[in-house]
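Undergrad: Below is the file target31.cif, with mmCIF, C-alpha atoms.
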data_entry
loop_
_atom_site.label_atom_id
_atom_site.label_comp_id
_atom_site.auth_asym_id
_atom_site.auth_seq_id
_atom_site.Cartn_x
_atom_site.Cartn_y
_atom_site.Cartn_z
CA MET A 24 3.95 -17.25 -2.26
CA ALA A 25 4.26 -17.63 1.49
CA GLU A 26 1.43 -18.72 3.69
CA LYS A 27 0.23 -16.28 6.31
CA SER A 28 0.78 -17.37 9.86
CA ASN A 29 -1.11 -16.06 12.84
CA SER A 30 2.02 -14.62 14.42
CA LYS A 31 2.99 -11.01 13.87
CA HIS A 32 6.11 -10.42 11.86
CA LYS A 33 8.74 -7.95 13.03
CA LEU A 34 8.02 -4.53 11.59
CA SER A 35 10.08 -1.36 11.52
CA LEU A 36 7.71 1.33 10.21
CA SER A 37 8.49 4.93 9.38
CA VAL A 38 5.59 7.24 8.54
CA GLN A 39 6.15 10.52 6.70
CA TYR A 40 3.40 13.07 6.20
CA ALA A 41 4.98 15.28 3.52
CA ASP A 42 1.35 16.17 2.82
CA PRO A 43 -0.18 16.38 6.32
CA ARG A 44 -3.88 16.51 5.30
CA LEU A 45 -4.59 12.91 6.34
CA GLN A 46 -2.39 12.81 9.44
CA GLU A 47 -5.29 13.15 11.89
CA ILE A 48 -7.55 10.51 10.32
CA LEU A 49 -4.69 8.12 9.53
CA PRO A 50 -2.69 8.00 12.76
CA ARG A 51 0.41 5.88 13.10
CA PRO A 52 -1.24 3.07 15.19
CA LEU A 53 -3.89 2.52 12.50
CA LEU A 54 -1.24 2.50 9.77
CA ARG A 55 0.89 0.03 11.73
CA LYS A 56 -2.09 -2.29 12.28
CA THR A 57 -2.94 -2.16 8.56
CA VAL A 58 0.63 -2.85 7.44
CA GLN A 59 1.04 -5.65 9.98
CA ALA A 60 -2.10 -7.38 8.69
CA ALA A 61 -0.54 -7.69 5.22
CA LEU A 62 2.92 -8.88 6.28
CA TYR A 63 4.16 -12.36 5.45
CA PHE A 64 7.78 -11.58 6.37
CA PRO A 65 9.67 -9.26 8.71
CA ALA A 66 9.81 -5.79 7.14
CA GLU A 67 11.38 -2.35 7.20
CA LEU A 68 8.91 -0.04 5.51
CA THR A 69 8.29 3.65 5.02
CA LEU A 70 4.82 5.01 4.33
CA ARG A 71 4.94 8.49 2.82
CA PHE A 72 1.89 10.64 2.14
CA VAL A 73 2.49 13.14 -0.67
CA ASP A 74 0.54 15.75 -2.66
CA ALA A 75 -0.27 15.42 -6.36
CA GLU A 76 2.82 17.34 -7.46
CA GLU A 77 5.28 15.02 -5.67
CA GLY A 78 3.23 11.97 -6.68
CA GLN A 79 3.39 13.00 -10.33
CA VAL A 80 7.16 13.62 -10.22
CA LEU A 81 7.81 10.20 -8.65
CA ASN A 82 5.51 8.37 -11.07
CA ARG A 83 7.06 10.18 -14.07
CA ASP A 84 10.68 9.77 -12.97
CA TYR A 85 10.47 6.13 -11.88
CA ARG A 86 7.66 4.64 -13.97
CA GLY A 87 7.62 6.91 -17.03
CA LYS A 88 3.96 7.84 -16.43
CA ASP A 89 3.36 11.58 -16.17
CA TYR A 90 0.49 11.70 -13.70
CA ALA A 91 -0.06 11.24 -9.97
CA THR A 92 -1.22 7.73 -9.06
CA ASN A 93 -2.80 6.45 -5.86
CA VAL A 94 0.05 4.28 -4.54
CA LEU A 95 3.64 3.61 -5.61
CA THR A 96 5.74 0.86 -4.09
CA PHE A 97 9.51 0.98 -4.28
CA ALA A 98 10.55 -2.52 -3.24
CA TYR A 99 14.23 -2.97 -2.48
CA THR A 100 14.19 -6.66 -1.54
CA GLU A 101 11.95 -8.74 -3.76
CA GLU A 102 14.09 -11.89 -3.59
CA GLU A 103 12.30 -14.84 -2.03
CA ASP A 104 15.25 -15.56 0.29
CA ALA A 105 15.49 -12.00 1.67
CA GLU A 106 15.30 -12.04 5.46
CA VAL A 107 13.64 -8.62 5.68
CA THR A 108 11.32 -6.94 3.17
CA GLN A 109 12.43 -3.34 2.58
CA ALA A 110 10.30 -0.83 0.70
CA ASP A 111 9.00 2.70 0.46
CA ILE A 112 5.25 2.97 -0.14
CA ILE A 113 4.08 6.35 -1.42
CA LEU A 114 0.41 7.33 -1.14
CA CYS A 115 -0.86 10.38 -3.00
CA THR A 116 -3.37 12.20 -0.81
CA ASP A 117 -5.10 13.99 -3.71
CA VAL A 118 -5.70 10.81 -5.71
CA LEU A 119 -6.64 8.81 -2.62
CA GLN A 120 -9.28 11.38 -1.60
CA ARG A 121 -10.67 11.69 -5.15
CA GLU A 122 -10.93 7.92 -5.60
CA ALA A 123 -12.58 7.44 -2.21
CA SER A 124 -15.21 10.00 -3.15
CA GLU A 125 -15.77 8.46 -6.61
CA GLN A 126 -16.05 4.97 -5.10
CA LYS A 127 -18.28 6.21 -2.25
CA LYS A 128 -15.85 4.87 0.37
CA SER A 129 -14.33 6.54 3.39
CA VAL A 130 -10.85 7.96 2.91
CA VAL A 131 -9.64 5.78 5.79
CA GLU A 132 -11.02 2.57 4.26
CA HIS A 133 -9.58 3.39 0.82
CA ALA A 134 -6.21 4.29 2.35
CA GLN A 135 -6.13 0.97 4.21
CA HIS A 136 -6.83 -0.87 0.95
CA LEU A 137 -4.03 0.99 -0.85
CA ILE A 138 -1.62 0.32 2.01
CA VAL A 139 -2.40 -3.40 1.91
CA HIS A 140 -1.95 -3.31 -1.88
CA GLY A 141 1.41 -1.55 -1.52
CA VAL A 142 2.63 -3.92 1.20
CA LEU A 143 1.79 -6.93 -0.98
CA HIS A 144 3.75 -5.35 -3.86
CA ALA A 145 6.68 -4.84 -1.47
CA GLN A 146 6.66 -8.58 -0.80
CA GLY A 147 6.79 -9.51 -4.48
CA TYR A 148 3.12 -9.79 -5.39
CA ASP A 149 2.01 -8.25 -8.67
CA HIS A 150 -0.97 -8.02 -10.99
CA GLU A 151 0.59 -8.07 -14.45
CA THR A 152 -1.32 -11.20 -15.51
CA ASP A 153 -4.94 -12.19 -14.83
CA GLU A 154 -3.73 -15.03 -12.60
CA GLU A 155 -1.49 -12.70 -10.55
CA ALA A 156 -4.29 -10.12 -10.30
CA GLU A 157 -6.77 -12.74 -9.06
CA GLU A 158 -4.29 -13.97 -6.42
CA MET A 159 -3.45 -10.45 -5.25
CA GLU A 160 -7.10 -9.35 -5.12
CA ALA A 161 -8.04 -12.47 -3.13
CA LEU A 162 -5.29 -11.69 -0.62
CA GLU A 163 -6.39 -8.06 -0.36
CA ILE A 164 -10.03 -9.08 0.22
CA ALA A 165 -9.03 -11.57 2.95
CA ILE A 166 -6.62 -9.16 4.68
CA LEU A 167 -9.15 -6.32 4.63
CA ALA A 168 -11.89 -8.64 5.92
CA GLY A 169 -9.56 -9.48 8.81
CA LEU A 170 -9.45 -5.74 9.54
CA GLY A 171 -13.26 -5.58 9.43
CA LEU A 172 -13.39 -3.88 6.04
CA ALA A 173 -15.58 -4.61 3.03
CA ASN A 174 -14.44 -6.18 -0.24
CA PRO A 175 -12.98 -3.21 -2.17
CA TYR A 176 -13.75 -4.86 -5.52
CA GLN A 177 -17.52 -5.06 -4.98
CA ASP A 178 -19.82 -2.21 -5.88
#
Turn this file's structure into structure tokens for me.

TA:
Amino acid sequence: MAEKSNSKHKLSLSVQYADPRLQEILPRPLLRKTVQAALYFPAELTLRFVDAEEGQVLNRDYRGKDYATNVLTFAYTEEEDAEVTQADIILCTDVLQREASEQKKSVVEHAQHLIVHGVLHAQGYDHETDEEAEEMEALEIAILAGLGLANPYQD
């Protein structure tokens, strides 16, 4: 995949708090900084925070899995020659909060990890094979370290 440059890529970011519970602790400037850190290309992205009910409907209708998951990425431009990455990234507040508690992490730190994960998916990264998973995890670790956050895969 593309190499990360030190320059910031153009970003058009829409943030939707359909579930407003995390709006105060995840303000737009923090979300923008997190998304920007994971960008390899110019992007037009929407981050949407939803409750478990909406998360379950989206996961069931689009992935055939009848449960709410932590993050869903709907990438609309996965072609390598696309000039602008376009995607909707859906974060389920209920799952995000539960996982953060289970993993003994702050909600903010876990949300930033899931956002980075979703932004990488939007740019064509995946984790279907062990090799892809290793590459994606290494990128996540490096991006989060750049944001001053710990390796999310270490206990």

Undergrad: To test your reading of the syntax: which residues would the PyMOL selection byres ((chain A and resi 55) around 12) return for the file shown? Reply as a VMD selection string.

TA: chain A and resid 31 to 38 49 to 54 56 to 62 66 to 70 135 138 to 139 142

Undergrad: CA of Tyr40 in chain A to CA of Ala134 in chain A: how many Å, to one decimal?

TA: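 CA of Ala134 in chain A lies 13.6 Å from CA of Tyr40 in chain A.
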
Undergrad: Selected by the PyMOL selection byres ((chain A and resi 151-163) around 12) in the shown coordinates: which residues, as a ChimeraX atom specification?

TA: /A:24-27,57-58,60-63,133,135-144,146-150,164-170,172-177

Undergrad: So which one's closest to Tyr90 in chain A, A:Ala110, A:Val118, A:Ala105, A:Ile48? Using all atoms listed in the file, please.

TA: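 Closest residue, counting all atoms listed in the file: A:Val118.
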
Undergrad: If I take CA of Val80 in chain A and CA of Ala98 in chain A, how far is one from the other in Å, to one decimal?

TA: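 For CA of Val80 in chain A relative to CA of Ala98 in chain A, the distance reads 17.9 Å.
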
Undergrad: Nearest to Ile113 in chain A: which of A:Asp84, A:Glu77, A:Glu47, A:Glu132 is it, counting all atoms listed in the file?

TA: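 The shortest atom-to-atom distance to Ile113 in chain A comes from A:Glu77.
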